[in-house]
Amino acid sequence: MTLHGDYFDAVYAEGTDPFRLCANWYEERKYSITVASLPRPHYRRGLEPGCSVGVLTEKLSTRCETLISTDIVDSALDTARAAVDNATVDFVKWSLTDDWSAVAGEEPFDLIVLSEVGYYLDEPDLRVAVDAATAHLEPGGTLLAVHWRHHVTDYPLTGDRVHAVIGENAELERLGGYMDEDFVLDVFINSRGDATQSVARREGLV
């Protein structure tokens with residue numbers, strides 16, 4: 001069963017940074033790999049569901065002209081707003097199972113980052129969310145997913161299963177990724193686009 005707001009309210013009642021995202025070498029390394037894996041230097045419009053206290057948000061904000069970062073816990077959003085001093089970021093209370101009209105806007109996203117959020121959804125809800133994300137991603141746009149691989153009793157899915165489900169979406173093409181014992185990262189593109197996805201080719205190196 002998908003985990004909802006009451007679960008996360010209880011988690012954040014234990015502290016402002018219950019997942020220990022700040023001042024943590026594991027997270028710092030993972031975030032550096034995440035941002036370095038983005039195939040474009042800059043994005044016009046990004047979406048980051050489940051931003052928590054804003055550690056990854058700050059890094060993504062330097063790569064996006066505008067960034068919508070969301071969470072379903074008010075205290076997490078308050079902490080993120082205080083931590084991220086960047087006017088390009090719009091913080092919104094929203095989750096992947098909510099109505100996308102609250103974040104979609106008039107233009108599609110060219111970047112969607114699913115960082116440590118997919119395993120909170122059960123498989124049917126995750127498939128719906130991935131389909132919706134793909135529908136709101138412009139042709140050739142980037143969808144990056146990164147998730148913890150170890151089993152967590154409370155979570156409906158493992159990180160590996162999340163990435164398998166994402167990879168089954170017919171409109172997403174896997175560009176590359178990284179995996180170690182702790183986390184898996186995959187970079188997908190919306191295959192409706194016909195532009196080359198080779199970074200070297202775009203830079204005139206091939």
# chains A, B, ... in the order shown; residues from 1 in each chain; ligands from 1
$ closest_atom_pairs --of "stretch 77-119 of chain A" --to "stretch 54-60 of chain A" --cutoff "7 Å" --atoms "only C-alpha atoms" --output "Markdown table"
| residue | atom | partner | partner_atom | distance |
| --- | --- | --- | --- | --- |
| A:Ala80 | CA | A:Gly54 | CA | 4.3 |
| A:Ala83 | CA | A:Gly54 | CA | 6.7 |
| A:Val84 | CA | A:Glu58 | CA | 5.6 |
$ closest_atom_pairs --of "stretch 3-100 of chain A" --to "stretch 169-184 of chain A" --cutoff "12 Å" --atoms "only C-alpha atoms" --output "tab-separated table"
residue	atom	partner	partner_atom	distance
A:Tyr26	CA	A:Asp182	CA	9.3
A:Glu27	CA	A:Phe183	CA	10.4
A:Arg29	CA	A:Phe183	CA	11.1
A:Lys30	CA	A:Phe183	CA	8.2
A:Tyr31	CA	A:Phe183	CA	11.2
A:Ile33	CA	A:Tyr178	CA	8.5
A:Thr34	CA	A:Tyr178	CA	9.2
A:Val35	CA	A:Gly177	CA	11.9
A:Ala36	CA	A:Gly177	CA	10.9
A:Ser37	CA	A:Gly177	CA	7.5
A:Leu38	CA	A:Gly176	CA	10.0
A:Pro39	CA	A:Leu175	CA	8.8
$ closest_residue --among "A:Gly5, A:Val128, A:Leu143, A:Thr158" --to "A:Lys93" --atoms "only C-alpha atoms"
A:Gly5
$ atom_distance --atom1 "atom CA of A:Ile166" --atom2 "atom CA of A:Asp154"
20.8 Å
$ residues_around --residues "A:Ala133" --least-positions-apart "5" --cutoff "10 Å" --atoms "only C-alpha atoms" --output "PyMOL selection string"
chain A and resi 47+96+100+104+108-109+111-114+127-128+138+143
$ closest_residue --among "A:Leu3, A:Cys51, A:Val165, A:Ala132" --to "A:Ser101" --atoms "only C-alpha atoms"
A:Ala132
$ residues_around --residues "A:Val117" --least-positions-apart "4" --cutoff "8 Å" --atoms "only C-alpha atoms" --output "PDB file with N, CA and C atoms, in the first residue's frame"
ATOM      1  N   PRO A  49       9.934  15.915  -7.221  1.00  0.00           N
ATOM      2  CA  PRO A  49       8.999  15.459  -6.186  1.00  0.00           C
ATOM      3  C   PRO A  49       9.754  14.932  -4.967  1.00  0.00           C
ATOM      4  N   GLY A  50       9.201  15.176  -3.785  1.00  0.00           N
ATOM      5  CA  GLY A  50       9.811  14.648  -2.570  1.00  0.00           C
ATOM      6  C   GLY A  50      11.131  15.302  -2.228  1.00  0.00           C
ATOM      7  N   LEU A 121       5.527   4.292  -3.122  1.00  0.00           N
ATOM      8  CA  LEU A 121       4.293   3.974  -3.838  1.00  0.00           C
ATOM      9  C   LEU A 121       4.197   2.467  -4.059  1.00  0.00           C
ATOM     10  N   HIS A 147      17.611   5.630  -6.376  1.00  0.00           N
ATOM     11  CA  HIS A 147      16.953   5.050  -5.203  1.00  0.00           C
ATOM     12  C   HIS A 147      17.873   4.113  -4.428  1.00  0.00           C
TER      13      HIS A 147
END
$ select_by_dssp --residues "stretch 99-186 of chain A" --states "alpha helix (DSSP H)" --output "MDAnalysis selection string"
chainID A and resid 101:104 123:135 159:167
$ write_last_selection --atoms "C-alpha atoms" --output "CSV table (one decimal), in the first residue's frame"
chain,number,residue,atom,x,y,z
A,101,SER,CA,-2.5,20.1,-12.7
A,102,ALA,CA,-1.1,21.6,-9.5
A,103,VAL,CA,2.4,21.5,-10.9
A,104,ALA,CA,2.1,21.0,-14.6
A,123,GLU,CA,3.3,-0.8,-7.9
A,124,PRO,CA,0.0,0.3,-9.5
A,125,ASP,CA,0.4,3.8,-8.1
A,126,LEU,CA,4.0,3.9,-9.3
A,127,ARG,CA,3.0,2.9,-12.9
A,128,VAL,CA,0.3,5.6,-12.9
A,129,ALA,CA,2.9,8.2,-11.7
A,130,VAL,CA,5.5,7.2,-14.2
A,131,ASP,CA,3.0,7.4,-17.0
A,132,ALA,CA,1.9,10.9,-15.8
A,133,ALA,CA,5.5,12.0,-15.5
A,134,THR,CA,6.3,10.8,-19.0
A,135,ALA,CA,3.2,12.6,-20.3
A,159,GLY,CA,14.7,0.6,-5.3
A,160,ASP,CA,15.5,-2.1,-7.8
A,161,ARG,CA,11.8,-2.8,-8.4
A,162,VAL,CA,11.1,0.9,-8.8
A,163,HIS,CA,13.7,1.1,-11.6
A,164,ALA,CA,12.4,-2.0,-13.3
A,165,VAL,CA,8.9,-0.5,-13.4
A,166,ILE,CA,10.2,2.8,-14.8
A,167,GLY,CA,12.2,1.0,-17.4
$ residues_around --residues "A:His4" --least-positions-apart "4" --cutoff "10 Å" --atoms "only C-alpha atoms" --output "number ranges by chain"
A: 8-9, 72, 95, 97, 120-121
$ residues_around --residues "A:Thr66" --least-positions-apart "4" --cutoff "9 Å" --atoms "only C-alpha atoms" --output "PyMOL selection string"
chain A and resi 43-47+61+87-90
$ write_last_selection --atoms "C-alpha atoms" --output "PDB file, in the first residue's frame"
ATOM      1  CA  TYR A  43      17.353  22.766 -18.123  1.00  0.00           C
ATOM      2  CA  ARG A  44      14.480  25.139 -18.746  1.00  0.00           C
ATOM      3  CA  ARG A  45      11.950  23.672 -16.294  1.00  0.00           C
ATOM      4  CA  GLY A  46      12.543  20.952 -13.724  1.00  0.00           C
ATOM      5  CA  LEU A  47      10.387  18.990 -11.283  1.00  0.00           C
ATOM      6  CA  SER A  61      18.602  24.789  -8.818  1.00  0.00           C
ATOM      7  CA  ALA A  87      14.431  32.593  -6.465  1.00  0.00           C
ATOM      8  CA  THR A  88      14.197  30.103  -9.330  1.00  0.00           C
ATOM      9  CA  VAL A  89      12.789  27.423  -6.992  1.00  0.00           C
ATOM     10  CA  ASP A  90       9.063  27.171  -6.301  1.00  0.00           C
TER      11      ASP A  90
END
$ closest_residue --among "A:Glu107, A:Val187, A:Ser75, A:Ser198" --to "A:Val11" --atoms "only C-alpha atoms"
A:Ser75
$ select_by_dssp --residues "stretch 3-89 of chain A" --states "strand (DSSP E)" --output "list in words"
Tyr43, Arg44, Arg45, Gly46, Leu47, Glu48, Cys64, Glu65, Thr66, Leu67, Ile68, Ser69, Thr70, Asp71 and Val89 of chain A
$ atom_distance --atom1 "atom CA of A:Ser52" --atom2 "atom CA of A:Asp122"
19.9 Å
$ closest_residue --among "A:Asp6, A:His151, A:Ile68, A:Glu116" --to "A:Leu21" --atoms "only C-alpha atoms"
A:Glu116
$ closest_residue --among "A:Leu144, A:Ala200, A:Leu77, A:Met1" --to "A:Asp17" --atoms "only C-alpha atoms"
A:Leu77
$ atom_distance --atom1 "atom CA of A:Val53" --atom2 "atom CA of A:Ile189"
27.0 Å
$ decode --residues "stretch 123-158 of chain A" --atoms "N, CA and C atoms" --output "short mmCIF file (atom, residue, chain, number, x, y, z; two decimals), in the first residue's frame"
data_model
loop_
_atom_site.label_atom_id
_atom_site.label_comp_id
_atom_site.auth_asym_id
_atom_site.auth_seq_id
_atom_site.Cartn_x
_atom_site.Cartn_y
_atom_site.Cartn_z
N GLU A 123 3.02 -0.69 -6.51
CA GLU A 123 3.32 -0.80 -7.94
C GLU A 123 2.25 -0.18 -8.84
N PRO A 124 0.95 -0.39 -8.59
CA PRO A 124 -0.04 0.27 -9.45
C PRO A 124 0.08 1.79 -9.42
N ASP A 125 0.25 2.37 -8.24
CA ASP A 125 0.38 3.83 -8.14
C ASP A 125 1.67 4.31 -8.81
N LEU A 126 2.74 3.54 -8.69
CA LEU A 126 3.99 3.93 -9.34
C LEU A 126 3.84 3.94 -10.85
N ARG A 127 3.18 2.95 -11.40
CA ARG A 127 2.98 2.91 -12.85
C ARG A 127 2.17 4.12 -13.33
N VAL A 128 1.14 4.47 -12.59
CA VAL A 128 0.34 5.65 -12.94
C VAL A 128 1.21 6.90 -12.87
N ALA A 129 2.03 7.01 -11.82
CA ALA A 129 2.89 8.18 -11.65
C ALA A 129 3.93 8.29 -12.77
N VAL A 130 4.52 7.17 -13.15
CA VAL A 130 5.52 7.19 -14.23
C VAL A 130 4.87 7.56 -15.55
N ASP A 131 3.68 7.03 -15.81
CA ASP A 131 2.97 7.41 -17.03
C ASP A 131 2.66 8.90 -17.05
N ALA A 132 2.24 9.44 -15.90
CA ALA A 132 1.93 10.87 -15.82
C ALA A 132 3.19 11.70 -15.99
N ALA A 133 4.28 11.27 -15.37
CA ALA A 133 5.54 12.00 -15.51
C ALA A 133 5.98 12.04 -16.97
N THR A 134 5.88 10.90 -17.63
CA THR A 134 6.28 10.84 -19.04
C THR A 134 5.39 11.73 -19.90
N ALA A 135 4.10 11.77 -19.59
CA ALA A 135 3.18 12.61 -20.35
C ALA A 135 3.48 14.09 -20.17
N HIS A 136 4.07 14.46 -19.03
CA HIS A 136 4.40 15.86 -18.77
C HIS A 136 5.86 16.19 -19.04
N LEU A 137 6.57 15.26 -19.68
CA LEU A 137 7.98 15.45 -20.03
C LEU A 137 8.08 15.71 -21.52
N GLU A 138 8.75 16.77 -21.90
CA GLU A 138 8.81 17.12 -23.31
C GLU A 138 9.61 16.07 -24.10
N PRO A 139 9.37 15.95 -25.42
CA PRO A 139 10.14 15.03 -26.23
C PRO A 139 11.64 15.29 -26.08
N GLY A 140 12.39 14.24 -25.80
CA GLY A 140 13.82 14.39 -25.57
C GLY A 140 14.20 14.81 -24.18
N GLY A 141 13.19 15.07 -23.32
CA GLY A 141 13.46 15.49 -21.95
C GLY A 141 14.04 14.37 -21.10
N THR A 142 14.65 14.77 -19.99
CA THR A 142 15.36 13.83 -19.11
C THR A 142 14.50 13.45 -17.91
N LEU A 143 14.42 12.15 -17.63
CA LEU A 143 13.88 11.65 -16.38
C LEU A 143 15.00 10.89 -15.68
N LEU A 144 15.43 11.39 -14.54
CA LEU A 144 16.49 10.73 -13.76
C LEU A 144 15.87 10.13 -12.52
N ALA A 145 16.17 8.86 -12.28
CA ALA A 145 15.69 8.17 -11.08
C ALA A 145 16.88 7.65 -10.29
N VAL A 146 16.84 7.83 -8.96
CA VAL A 146 17.91 7.32 -8.10
C VAL A 146 17.29 6.87 -6.78
N HIS A 147 17.61 5.63 -6.38
CA HIS A 147 16.95 5.05 -5.20
C HIS A 147 17.87 4.11 -4.43
N TRP A 148 17.67 4.09 -3.12
CA TRP A 148 18.30 3.18 -2.17
C TRP A 148 17.94 1.74 -2.53
N ARG A 149 18.93 0.83 -2.48
CA ARG A 149 18.70 -0.54 -2.91
C ARG A 149 18.40 -1.50 -1.76
N HIS A 150 18.73 -1.13 -0.54
CA HIS A 150 18.53 -2.04 0.58
C HIS A 150 17.05 -2.13 0.95
N HIS A 151 16.66 -3.27 1.49
CA HIS A 151 15.26 -3.49 1.87
C HIS A 151 14.88 -2.64 3.08
N VAL A 152 13.71 -2.02 3.01
CA VAL A 152 13.14 -1.28 4.14
C VAL A 152 11.74 -1.84 4.38
N THR A 153 11.50 -2.32 5.57
CA THR A 153 10.26 -3.04 5.86
C THR A 153 9.01 -2.22 5.55
N ASP A 154 9.04 -0.93 5.84
CA ASP A 154 7.84 -0.10 5.66
C ASP A 154 7.51 0.18 4.20
N TYR A 155 8.49 0.08 3.32
CA TYR A 155 8.30 0.55 1.95
C TYR A 155 7.64 -0.52 1.07
N PRO A 156 6.67 -0.13 0.26
CA PRO A 156 5.99 -1.10 -0.61
C PRO A 156 6.91 -1.75 -1.64
N LEU A 157 7.94 -1.02 -2.10
CA LEU A 157 8.81 -1.52 -3.16
C LEU A 157 10.28 -1.34 -2.78
N THR A 158 11.14 -2.08 -3.44
CA THR A 158 12.58 -1.84 -3.34
C THR A 158 13.00 -0.86 -4.44
#
